[in-house]
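> Input upload.cif, format and content: mmCIF, C-alpha atoms (C1' of nucleotides).
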```
data_query
#
loop_
_atom_site.label_atom_id
_atom_site.label_comp_id
_atom_site.auth_asym_id
_atom_site.auth_seq_id
_atom_site.Cartn_x
_atom_site.Cartn_y
_atom_site.Cartn_z
CA MET P 1 29.68 -38.62 26.97
CA ILE P 2 26.52 -37.28 25.55
CA LYS P 3 25.37 -39.07 22.45
CA SER P 4 22.70 -37.06 20.77
CA ILE P 5 19.63 -35.27 21.78
CA PRO P 6 16.51 -37.28 21.05
CA PRO P 7 14.71 -35.50 18.25
CA HIS P 8 11.59 -35.00 20.31
CA ALA P 9 13.09 -34.15 23.64
CA ASN P 10 10.93 -31.05 23.70
CA ALA P 11 8.16 -32.03 21.42
CA VAL P 12 6.05 -29.10 20.39
CA VAL P 13 2.58 -29.86 19.19
CA LEU P 14 1.61 -27.73 16.24
CA THR P 15 -1.97 -26.63 15.89
CA GLY P 16 -4.04 -25.75 12.87
CA ASN P 17 -3.16 -22.12 13.15
CA ASP P 18 0.50 -22.96 13.35
CA LEU P 19 0.39 -25.02 10.18
CA LEU P 20 -1.55 -22.31 8.41
CA VAL P 21 1.16 -19.80 9.22
CA PHE P 22 3.81 -22.28 8.18
CA ASP P 23 2.13 -22.77 4.82
CA VAL P 24 2.11 -19.06 4.23
CA LEU P 25 5.80 -18.91 5.04
CA LEU P 26 6.55 -21.70 2.62
CA ALA P 27 4.54 -20.03 -0.10
CA ALA P 28 6.38 -16.77 0.47
CA ASN P 29 9.53 -18.27 -1.00
CA GLY P 30 11.70 -16.08 1.15
CA PRO P 31 11.71 -14.20 4.40
CA ALA P 32 8.37 -12.79 5.49
CA SER P 33 7.50 -10.45 8.31
CA ALA P 34 4.79 -11.27 10.81
CA TYR P 35 2.61 -8.62 9.20
CA ASP P 36 3.27 -9.99 5.72
CA ILE P 37 1.85 -13.24 7.02
CA LEU P 38 -1.01 -11.42 8.66
CA ASP P 39 -1.95 -9.70 5.41
CA ARG P 40 -1.80 -12.97 3.56
CA LEU P 41 -4.19 -14.57 6.04
CA LYS P 42 -6.67 -11.72 6.25
CA PRO P 43 -8.67 -12.48 3.11
CA ASP P 44 -9.74 -15.77 4.67
CA ARG P 45 -9.89 -14.57 8.26
CA PRO P 46 -10.67 -10.88 8.34
CA ARG P 47 -10.60 -10.65 12.14
CA ILE P 48 -7.21 -12.29 12.62
CA ALA P 49 -4.94 -10.36 14.95
CA PRO P 50 -1.14 -10.01 15.16
CA THR P 51 -1.17 -11.98 18.39
CA THR P 52 -2.36 -15.06 16.56
CA VAL P 53 0.47 -14.90 14.07
CA TYR P 54 3.09 -14.23 16.70
CA ARG P 55 1.87 -17.14 18.78
CA ALA P 56 2.09 -19.45 15.81
CA LEU P 57 5.57 -18.21 14.99
CA GLU P 58 6.63 -18.85 18.56
CA HIS P 59 5.41 -22.42 18.34
CA LEU P 60 7.08 -22.97 15.01
CA ILE P 61 10.36 -21.56 16.25
CA ARG P 62 10.21 -23.73 19.35
CA ALA P 63 9.59 -26.69 17.08
CA GLY P 64 12.59 -25.78 14.94
CA ARG P 65 10.47 -25.37 11.84
CA VAL P 66 11.02 -21.66 11.49
CA ARG P 67 13.91 -19.30 12.12
CA ARG P 68 13.74 -15.65 12.93
CA ILE P 69 16.13 -13.36 11.07
CA GLU P 70 16.95 -10.71 13.63
CA SER P 71 18.40 -8.14 11.30
CA LEU P 72 15.32 -8.25 9.06
CA ASN P 73 12.58 -8.73 11.64
CA ALA P 74 11.49 -11.56 9.42
CA TYR P 75 10.90 -15.28 9.49
CA LEU P 76 12.05 -18.11 7.28
CA PRO P 77 10.97 -21.75 7.19
CA ALA P 78 13.82 -24.03 8.23
CA ALA P 79 15.12 -26.63 5.81
CA ASP P 80 14.97 -29.17 8.60
CA ALA P 81 14.16 -29.13 12.28
CA SER P 82 17.72 -29.50 13.51
CA ASP P 83 18.97 -27.00 16.00
CA ARG P 84 22.34 -26.80 14.35
CA ALA P 85 23.71 -23.29 14.09
CA VAL P 86 23.22 -21.71 10.72
CA VAL P 87 24.43 -18.57 9.09
CA PHE P 88 22.05 -16.56 6.98
CA ALA P 89 23.49 -14.93 3.88
CA ILE P 90 21.21 -12.00 3.22
CA CYS P 91 21.28 -10.24 -0.12
CA ASP P 92 20.57 -6.56 0.46
CA ASP P 93 19.74 -6.10 -3.21
CA CYS P 94 17.15 -8.75 -3.94
CA GLY P 95 16.24 -9.71 -0.40
CA ARG P 96 16.89 -13.39 -0.84
CA VAL P 97 18.32 -15.32 2.06
CA GLN P 98 20.38 -18.49 2.01
CA ALA P 99 20.84 -20.54 5.15
CA ARG P 100 24.08 -22.48 5.53
CA ASP P 101 25.27 -24.77 8.23
CA ALA P 102 27.81 -22.98 10.37
CA GLY P 103 28.02 -25.36 13.27
CA ALA P 104 31.80 -25.57 13.24
CA GLU P 105 32.54 -21.86 12.99
CA VAL P 106 29.85 -20.90 15.46
CA GLY P 107 31.13 -23.60 17.76
CA ARG P 108 34.51 -21.90 17.84
CA ILE P 109 32.89 -18.64 18.78
CA THR P 110 30.67 -20.05 21.50
CA LYS P 111 33.53 -22.09 22.93
CA ALA P 112 35.69 -19.01 23.12
CA LEU P 113 32.95 -17.19 24.99
CA ALA P 114 32.47 -20.17 27.29
CA ARG P 115 36.14 -19.97 28.23
CA ASP P 116 35.41 -16.49 29.50
CA GLY P 117 32.60 -17.73 31.71
CA PHE P 118 29.75 -16.90 29.37
CA ARG P 119 27.22 -19.64 28.78
CA PRO P 120 25.88 -19.34 25.24
CA SER P 121 22.36 -20.40 24.49
CA HIS P 122 21.31 -18.93 21.16
CA PRO P 123 23.71 -17.65 18.49
CA VAL P 124 22.65 -15.17 15.85
CA VAL P 125 24.82 -15.19 12.74
CA GLU P 126 23.64 -13.19 9.77
CA VAL P 127 25.82 -11.86 7.00
CA HIS P 128 24.58 -9.07 4.79
CA GLY P 129 25.96 -8.60 1.35
CA ARG P 130 25.20 -9.29 -2.24
CA CYS P 131 24.30 -12.63 -3.73
CA GLY P 132 26.02 -14.03 -6.79
CA ASP P 133 23.14 -13.20 -9.09
CA CYS P 134 22.92 -9.57 -8.07
CA ASP P 135 26.67 -9.22 -8.06
CA ALA P 136 26.78 -10.41 -11.63
CA THR P 137 23.96 -8.27 -12.92
CA GLY P 138 24.68 -5.11 -10.97
CA GLY P 139 21.64 -5.35 -8.76
CA LYS P 140 17.89 -5.45 -8.61
CA PRO P 141 17.10 -4.55 -12.24
CA MET A 142 28.50 23.76 19.89
CA ILE A 143 31.08 22.97 17.33
CA LYS A 144 32.15 25.65 14.88
CA SER A 145 33.97 23.82 12.21
CA ILE A 146 35.99 20.71 11.88
CA PRO A 147 38.80 20.46 9.34
CA PRO A 148 37.35 18.16 6.72
CA HIS A 149 39.83 15.31 6.72
CA ALA A 150 39.51 13.44 3.50
CA ASN A 151 37.36 10.48 4.52
CA ALA A 152 36.55 11.36 8.06
CA VAL A 153 32.96 11.32 9.18
CA VAL A 154 32.27 14.63 10.80
CA LEU A 155 30.32 14.40 13.99
CA THR A 156 28.06 17.26 14.91
CA GLY A 157 26.90 18.57 18.23
CA ASN A 158 23.82 16.41 18.18
CA ASP A 159 25.88 13.38 17.40
CA LEU A 160 28.17 13.94 20.34
CA LEU A 161 25.23 14.54 22.62
CA VAL A 162 23.76 11.21 21.65
CA PHE A 163 27.13 9.56 22.07
CA ASP A 164 27.47 10.96 25.57
CA VAL A 165 24.11 9.55 26.52
CA LEU A 166 25.14 6.17 25.20
CA LEU A 167 28.34 6.24 27.20
CA ALA A 168 26.46 7.22 30.32
CA ALA A 169 24.01 4.39 29.82
CA ASN A 170 26.71 1.88 30.65
CA GLY A 171 25.14 -0.73 28.43
CA PRO A 172 22.96 -1.09 25.40
CA ALA A 173 20.33 1.59 24.96
CA SER A 174 17.44 1.82 22.53
CA ALA A 175 16.91 4.90 20.40
CA TYR A 176 13.94 5.77 22.55
CA ASP A 177 15.92 5.32 25.74
CA ILE A 178 18.25 7.95 24.34
CA LEU A 179 15.34 10.10 23.32
CA ASP A 180 13.86 10.01 26.82
CA ARG A 181 17.19 10.89 28.31
CA LEU A 182 17.50 13.93 26.06
CA LYS A 183 13.95 15.18 26.48
CA PRO A 184 14.40 17.03 29.77
CA ASP A 185 16.86 19.36 28.07
CA ARG A 186 15.17 19.42 24.67
CA PRO A 187 11.48 18.82 25.05
CA ARG A 188 10.77 19.04 21.33
CA ILE A 189 13.39 16.52 20.21
CA ALA A 190 12.08 13.95 17.78
CA PRO A 191 13.03 10.33 17.06
CA THR A 192 14.40 11.37 13.69
CA THR A 193 17.09 13.44 15.36
CA VAL A 194 18.28 10.52 17.45
CA TYR A 195 18.21 8.09 14.56
CA ARG A 196 20.19 10.47 12.40
CA ALA A 197 22.82 10.88 15.07
CA LEU A 198 23.03 7.12 15.50
CA GLU A 199 23.49 6.72 11.78
CA HIS A 200 26.39 9.16 11.82
CA LEU A 201 27.97 7.49 14.82
CA ILE A 202 27.66 4.06 13.25
CA ARG A 203 29.19 5.32 10.02
CA ALA A 204 32.03 6.76 12.06
CA GLY A 205 32.54 3.43 13.80
CA ARG A 206 31.85 4.89 17.21
CA VAL A 207 28.63 3.00 17.83
CA ARG A 208 27.38 -0.46 16.99
CA ARG A 209 23.83 -1.57 16.56
CA ILE A 210 22.81 -4.80 18.25
CA GLU A 211 20.27 -6.27 15.87
CA SER A 212 18.73 -8.79 18.18
CA LEU A 213 18.07 -6.14 20.83
CA ASN A 214 17.17 -3.18 18.65
CA ALA A 215 19.72 -1.34 20.75
CA TYR A 216 22.95 0.57 20.40
CA LEU A 217 26.29 0.32 22.15
CA PRO A 218 29.31 2.62 22.05
CA ALA A 219 32.28 0.93 20.40
CA ALA A 220 35.47 0.43 22.32
CA ASP A 221 37.37 1.77 19.35
CA ALA A 222 36.55 2.89 15.87
CA SER A 223 37.96 -0.13 14.09
CA ASP A 224 35.73 -1.96 11.67
CA ARG A 225 36.95 -5.31 12.81
CA ALA A 226 34.19 -7.88 13.19
CA VAL A 227 33.04 -8.37 16.74
CA VAL A 228 30.77 -10.78 18.46
CA PHE A 229 28.40 -9.53 21.11
CA ALA A 230 27.83 -11.77 24.09
CA ILE A 231 24.42 -10.80 25.37
CA CYS A 232 23.29 -11.83 28.82
CA ASP A 233 19.55 -12.45 28.68
CA ASP A 234 19.34 -12.21 32.47
CA CYS A 235 21.01 -8.94 33.31
CA GLY A 236 21.07 -7.37 29.86
CA ARG A 237 24.77 -6.67 29.85
CA VAL A 238 26.66 -7.03 26.61
CA GLN A 239 30.31 -7.79 26.04
CA ALA A 240 31.92 -7.16 22.69
CA ARG A 241 34.81 -9.40 21.64
CA ASP A 242 36.93 -9.38 18.56
CA ALA A 243 35.86 -12.18 16.27
CA GLY A 244 37.73 -11.21 13.16
CA ALA A 245 39.24 -14.65 12.60
CA GLU A 246 36.09 -16.69 13.13
CA VAL A 247 33.91 -14.32 11.18
CA GLY A 248 36.52 -14.28 8.44
CA ARG A 249 36.12 -18.03 8.05
CA ILE A 250 32.40 -17.63 7.69
CA THR A 251 32.52 -14.80 5.19
CA LYS A 252 35.20 -16.54 3.15
CA ALA A 253 33.09 -19.67 2.97
CA LEU A 254 30.17 -17.61 1.71
CA ALA A 255 32.43 -15.85 -0.78
CA ARG A 256 33.40 -19.23 -2.22
CA ASP A 257 29.73 -19.69 -3.02
CA GLY A 258 29.58 -16.43 -4.91
CA PHE A 259 28.15 -14.32 -2.12
CA ARG A 260 29.89 -11.03 -1.45
CA PRO A 261 29.68 -10.26 2.26
CA SER A 262 29.52 -6.68 3.42
CA HIS A 263 28.29 -6.56 6.99
CA PRO A 264 28.32 -9.52 9.39
CA VAL A 265 26.04 -9.70 12.41
CA VAL A 266 27.25 -12.02 15.14
CA GLU A 267 25.44 -11.95 18.44
CA VAL A 268 25.35 -14.72 20.98
CA HIS A 269 22.66 -14.81 23.59
CA GLY A 270 23.20 -16.62 26.84
CA ARG A 271 24.09 -16.00 30.43
CA CYS A 272 27.08 -14.11 31.68
CA GLY A 273 29.43 -15.49 34.30
CA ASP A 274 27.96 -13.35 37.06
CA CYS A 275 24.38 -14.38 36.44
CA ASP A 276 25.36 -17.98 35.93
CA ALA A 277 27.04 -17.98 39.34
CA THR A 278 24.23 -16.31 41.21
CA GLY A 279 21.29 -17.91 39.48
CA GLY A 280 20.10 -14.82 37.73
CA LYS A 281 18.99 -11.25 38.03
CA PRO A 282 18.73 -11.01 41.83
"C1'" DC Q 283 27.93 39.25 -3.40
"C1'" DA Q 284 24.25 36.17 -5.50
"C1'" DG Q 285 23.28 31.79 -6.77
"C1'" DT Q 286 23.60 27.07 -5.86
"C1'" DG Q 287 24.45 22.63 -3.66
"C1'" DT Q 288 24.93 20.08 0.43
"C1'" DT Q 289 24.29 18.74 5.07
"C1'" DA Q 290 22.10 19.23 9.41
"C1'" DT Q 291 18.10 19.95 11.84
"C1'" DG Q 292 13.26 20.61 12.84
"C1'" DT Q 293 8.47 19.12 12.49
"C1'" DT Q 294 4.62 16.32 11.70
"C1'" DA Q 295 2.83 12.27 10.61
"C1'" DT Q 296 2.75 7.55 9.78
"C1'" DA Q 297 4.53 2.87 8.97
"C1'" DG Q 298 6.08 -1.27 10.87
"C1'" DT Q 299 7.01 -4.59 14.75
"C1'" DA Q 300 5.60 -6.75 19.01
"C1'" DT Q 301 3.29 -7.58 23.37
"C1'" DA Q 302 -0.13 -6.87 27.35
"C1'" DA Q 303 -4.20 -8.00 29.40
"C1'" DC Q 304 -8.27 -9.94 29.43
"C1'" DT Q 305 -11.91 -13.29 27.77
"C1'" DC Q 306 -13.87 -17.51 26.16
"C1'" DT Q 307 -13.98 -22.23 25.05
"C1'" DC Q 308 -12.70 -26.69 24.70
"C1'" DC Q 309 -10.54 -30.78 26.12
"C1'" DC Q 310 -8.73 -33.86 29.25
"C1'" DG Q 311 -7.65 -36.07 33.38
"C1'" DA Q 312 -8.42 -36.42 38.59
"C1'" DT L 313 -18.30 -33.39 37.27
"C1'" DC L 314 -15.20 -30.09 37.88
"C1'" DG L 315 -11.05 -27.57 37.50
"C1'" DG L 316 -6.95 -26.42 35.12
"C1'" DG L 317 -4.31 -25.49 31.19
"C1'" DA L 318 -3.62 -24.60 26.22
"C1'" DG L 319 -5.31 -22.45 22.34
"C1'" DA L 320 -7.50 -18.76 20.37
"C1'" DG L 321 -10.11 -14.26 20.09
"C1'" DT L 322 -10.28 -9.32 21.10
"C1'" DT L 323 -8.85 -4.83 22.19
"C1'" DA L 324 -5.58 -1.84 23.18
"C1'" DT L 325 -1.11 -0.18 23.53
"C1'" DA L 326 3.96 -0.10 23.57
"C1'" DC L 327 7.99 0.06 21.08
"C1'" DT L 328 10.91 0.76 16.85
"C1'" DA L 329 11.80 3.24 12.65
"C1'" DT L 330 11.14 6.08 8.56
"C1'" DA L 331 8.68 9.31 5.18
"C1'" DA L 332 7.98 13.69 3.65
"C1'" DC L 333 8.53 18.19 3.69
"C1'" DA L 334 10.42 22.78 5.58
"C1'" DT L 335 14.10 25.65 7.20
"C1'" DA L 336 18.71 27.07 8.32
"C1'" DA L 337 23.62 27.26 8.04
"C1'" DC L 338 27.50 26.90 5.59
"C1'" DA L 339 30.86 26.37 1.68
"C1'" DC L 340 31.84 26.70 -3.00
"C1'" DT L 341 31.92 29.17 -7.39
"C1'" DG L 342 31.22 32.43 -10.78
#
```
Show me this structure written as structure tokens.

Amino acid sequence: MIKSIPPHANAVVLTGNDLLVFDVLLAANGPASAYDILDRLKPDRPRIAPTTVYRALEHLIRAGRVRRIESLNAYLPAADASDRAVVFAICDDCGRVQARDAGAEVGRITKALARDGFRPSHPVVEVHGRCGDCDATGGKP
Amino acid sequence: MIKSIPPHANAVVLTGNDLLVFDVLLAANGPASAYDILDRLKPDRPRIAPTTVYRALEHLIRAGRVRRIESLNAYLPAADASDRAVVFAICDDCGRVQARDAGAEVGRITKALARDGFRPSHPVVEVHGRCGDCDATGGKP
DNA sequence: CAGTGTTATGTTATAGTATAACTCTCCCGA
DNA sequence: TCGGGAGAGTTATACTATAACATAACACTG
């Protein structure tokens, strides 16, 4: 039986650039696109290129510190570095995103696929809708 | 070209362009990007623009005939026009995609979110991995 | 029929997202 | 010391999607 995966089985070393990008993401207080991040960094580093941001995002994602939201082409800092499956609840009115653990439900889905011979590696679970606040107030205003 | 279609109450009326795009998608035998479709249409219609393809895709999606795969930026014809939630099993080796009904599992997820005050509208469930064929043969070759 | 609204389509341009390909440099370990 | 690999810079380009405006075709209504 497998116990648990050592937290640093695939340690990813984060560089200065990586942490800079991570700080911007934290400050964004919500999902940010790679180019949002780029724009935020340009005042200090006028020659910074998309490549730099994308490389940092790749590191951060590998390290479990950041998640990509596929249906928004955006990135969100992770609450913790676990690789547990999460579901993103995306409010299409205000743009806010809540991440929730969905390990159990996603497990059912991946297990069902595995029974058909598919070997799941990375699940994407994102639910669009309207958050409680917007639903109460009738939207953005 | 289509002359007129009896305007059933809530039916989405598909136009000639729409059906053309749908035919290309069917012929693709797998997920196709909007620009794949565009390239395939260009020989017959050299002046066709992205807008035209995107508008057709929008119609087809509204009609339930086509699904967008968010994590691939690609489109797939739907097996049927139901709006039941599906999960896409995406093989990252060969690129093939299988759609499976996931109404029950997705229902659990959306209900859990609804209990938190979120009102789900459109779920995105896509699982990347390796299909049985590729897993058996070791990959693309 | 004219006037009007709606939808589809065309056309041009641009915005937004992501990667390729090459270079340089620095650090570290053989 | 040297060579290799990771990080980072630089330039260019590929890929994805929409904006903004113009025209046409049709359907409704008065």
> After a least-squares fit of chain P on chain A across every C-alpha pair in order, what's the RMSD, to one decimal?
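After superposition, the RMSD is 6.2 Å.
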> Evaluate the PyMOL selection byres ((chain A) within 6 of (chain P)) against this structure - the residues, as a VMD selection string, please.
chain A and resid 211 to 212 258 to 273
> Take the selection from the previous step and output its residues with C-alpha atoms, as a PDB file, keeping the file's coordinate frame.

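Result written to out.pdb:
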```pdb
ATOM      1  CA  GLU A 211      20.270  -6.270  15.870  1.00  0.00           C
ATOM      2  CA  SER A 212      18.730  -8.790  18.180  1.00  0.00           C
ATOM      3  CA  GLY A 258      29.580 -16.430  -4.910  1.00  0.00           C
ATOM      4  CA  PHE A 259      28.150 -14.320  -2.120  1.00  0.00           C
ATOM      5  CA  ARG A 260      29.890 -11.030  -1.450  1.00  0.00           C
ATOM      6  CA  PRO A 261      29.680 -10.260   2.260  1.00  0.00           C
ATOM      7  CA  SER A 262      29.520  -6.680   3.420  1.00  0.00           C
ATOM      8  CA  HIS A 263      28.290  -6.560   6.990  1.00  0.00           C
ATOM      9  CA  PRO A 264      28.320  -9.520   9.390  1.00  0.00           C
ATOM     10  CA  VAL A 265      26.040  -9.700  12.410  1.00  0.00           C
ATOM     11  CA  VAL A 266      27.250 -12.020  15.140  1.00  0.00           C
ATOM     12  CA  GLU A 267      25.440 -11.950  18.440  1.00  0.00           C
ATOM     13  CA  VAL A 268      25.350 -14.720  20.980  1.00  0.00           C
ATOM     14  CA  HIS A 269      22.660 -14.810  23.590  1.00  0.00           C
ATOM     15  CA  GLY A 270      23.200 -16.620  26.840  1.00  0.00           C
ATOM     16  CA  ARG A 271      24.090 -16.000  30.430  1.00  0.00           C
ATOM     17  CA  CYS A 272      27.080 -14.110  31.680  1.00  0.00           C
ATOM     18  CA  GLY A 273      29.430 -15.490  34.300  1.00  0.00           C
TER      19      GLY A 273
END
```
> So which residues get picked by the PyMOL selection byres ((chain Q) within 9 of (chain A)) here, written as a PyMOL selection string?
chain Q and resi 290-293
> Those same residues, written as a PDB file, in the coordinates of the input with C-alpha atoms (C1' of nucleotides)?

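Wrote again14.pdb, looks like this:
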```
ATOM      1  C1'  DA Q 290      22.100  19.230   9.410  1.00  0.00           C
ATOM      2  C1'  DT Q 291      18.100  19.950  11.840  1.00  0.00           C
ATOM      3  C1'  DG Q 292      13.260  20.610  12.840  1.00  0.00           C
ATOM      4  C1'  DT Q 293       8.470  19.120  12.490  1.00  0.00           C
TER       5       DT Q 293
END
```
> Taking (9.2, -19.4, 4.0) in the file's coordinates, which residues come within 12 Å, counting all atoms listed in the file, written as a PyMOL selection string?
chain P and resi 20-34+36-37+57+60+65-69+74-79+96-99
> Of the candidates P:Arg45, P:Gly95, P:Ile61, P:Asp39, which shows the shortest atom-to-atom distance to chain L, using only C-alpha atoms (C1' of nucleotides)?
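Smallest distance to chain L is found for P:Arg45.
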> Using all atoms listed in the file, which chain L residues lie at most 10 Å away from chain P, written as a PyMOL selection string?
chain L and resi 319-323
> With C-alpha atoms (C1' of nucleotides) retained, could you export that selection as a PDB file, keeping the file's coordinate frame?

```pdb
ATOM      1  C1'  DG L 319      -5.310 -22.450  22.340  1.00  0.00           C
ATOM      2  C1'  DA L 320      -7.500 -18.760  20.370  1.00  0.00           C
ATOM      3  C1'  DG L 321     -10.110 -14.260  20.090  1.00  0.00           C
ATOM      4  C1'  DT L 322     -10.280  -9.320  21.100  1.00  0.00           C
ATOM      5  C1'  DT L 323      -8.850  -4.830  22.190  1.00  0.00           C
TER       6       DT L 323
END
```
> If you measure from atom C1' of Q:DT299 to atom CA of P:Leu38, what distance in Å do you get, rounded to one decimal?
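So the two atoms, atom C1' of Q:DT299 and atom CA of P:Leu38, lie 12.2 Å apart.
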> Using atom C1' of Q:DT294 and atom CA of A:Val194 as the two end points, give the distance in Å to one decimal.
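Here the two named atoms are 15.9 Å from each other.
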> Between atom CA of A:Gly205 and atom C1' of L:DT335, what is the distance in Å, rounded to a tenth?
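Here the two named atoms are 29.6 Å from each other.
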> Copy stretch 285-305 of chain Q out of the block into a file, keeping C-alpha atoms (C1' of nucleotides), as a PDB file, in the first residue's frame.

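Output saved as decode-v5.pdb:
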```pdb
ATOM      1  C1'  DG Q 285     -40.497  51.468 -42.982  1.00  0.00           C
ATOM      2  C1'  DT Q 286     -38.351  49.039 -39.413  1.00  0.00           C
ATOM      3  C1'  DG Q 287     -36.105  45.464 -36.685  1.00  0.00           C
ATOM      4  C1'  DT Q 288     -33.437  41.423 -36.581  1.00  0.00           C
ATOM      5  C1'  DT Q 289     -30.135  38.109 -37.928  1.00  0.00           C
ATOM      6  C1'  DA Q 290     -26.542  36.585 -40.859  1.00  0.00           C
ATOM      7  C1'  DT Q 291     -22.571  37.609 -43.226  1.00  0.00           C
ATOM      8  C1'  DG Q 292     -18.631  40.154 -44.919  1.00  0.00           C
ATOM      9  C1'  DT Q 293     -14.498  42.894 -44.080  1.00  0.00           C
ATOM     10  C1'  DT Q 294     -10.761  44.911 -41.791  1.00  0.00           C
ATOM     11  C1'  DA Q 295      -8.242  45.439 -38.018  1.00  0.00           C
ATOM     12  C1'  DT Q 296      -6.644  44.484 -33.603  1.00  0.00           C
ATOM     13  C1'  DA Q 297      -6.476  42.367 -29.003  1.00  0.00           C
ATOM     14  C1'  DG Q 298      -5.040  38.670 -26.281  1.00  0.00           C
ATOM     15  C1'  DT Q 299      -2.504  34.232 -25.352  1.00  0.00           C
ATOM     16  C1'  DA Q 300       1.550  31.385 -25.906  1.00  0.00           C
ATOM     17  C1'  DT Q 301       5.793  29.476 -27.751  1.00  0.00           C
ATOM     18  C1'  DA Q 302      10.070  29.054 -30.839  1.00  0.00           C
ATOM     19  C1'  DA Q 303      14.666  29.774 -31.453  1.00  0.00           C
ATOM     20  C1'  DC Q 304      18.617  31.646 -30.349  1.00  0.00           C
ATOM     21  C1'  DT Q 305      21.990  33.961 -27.108  1.00  0.00           C
TER      22       DT Q 305
END
```
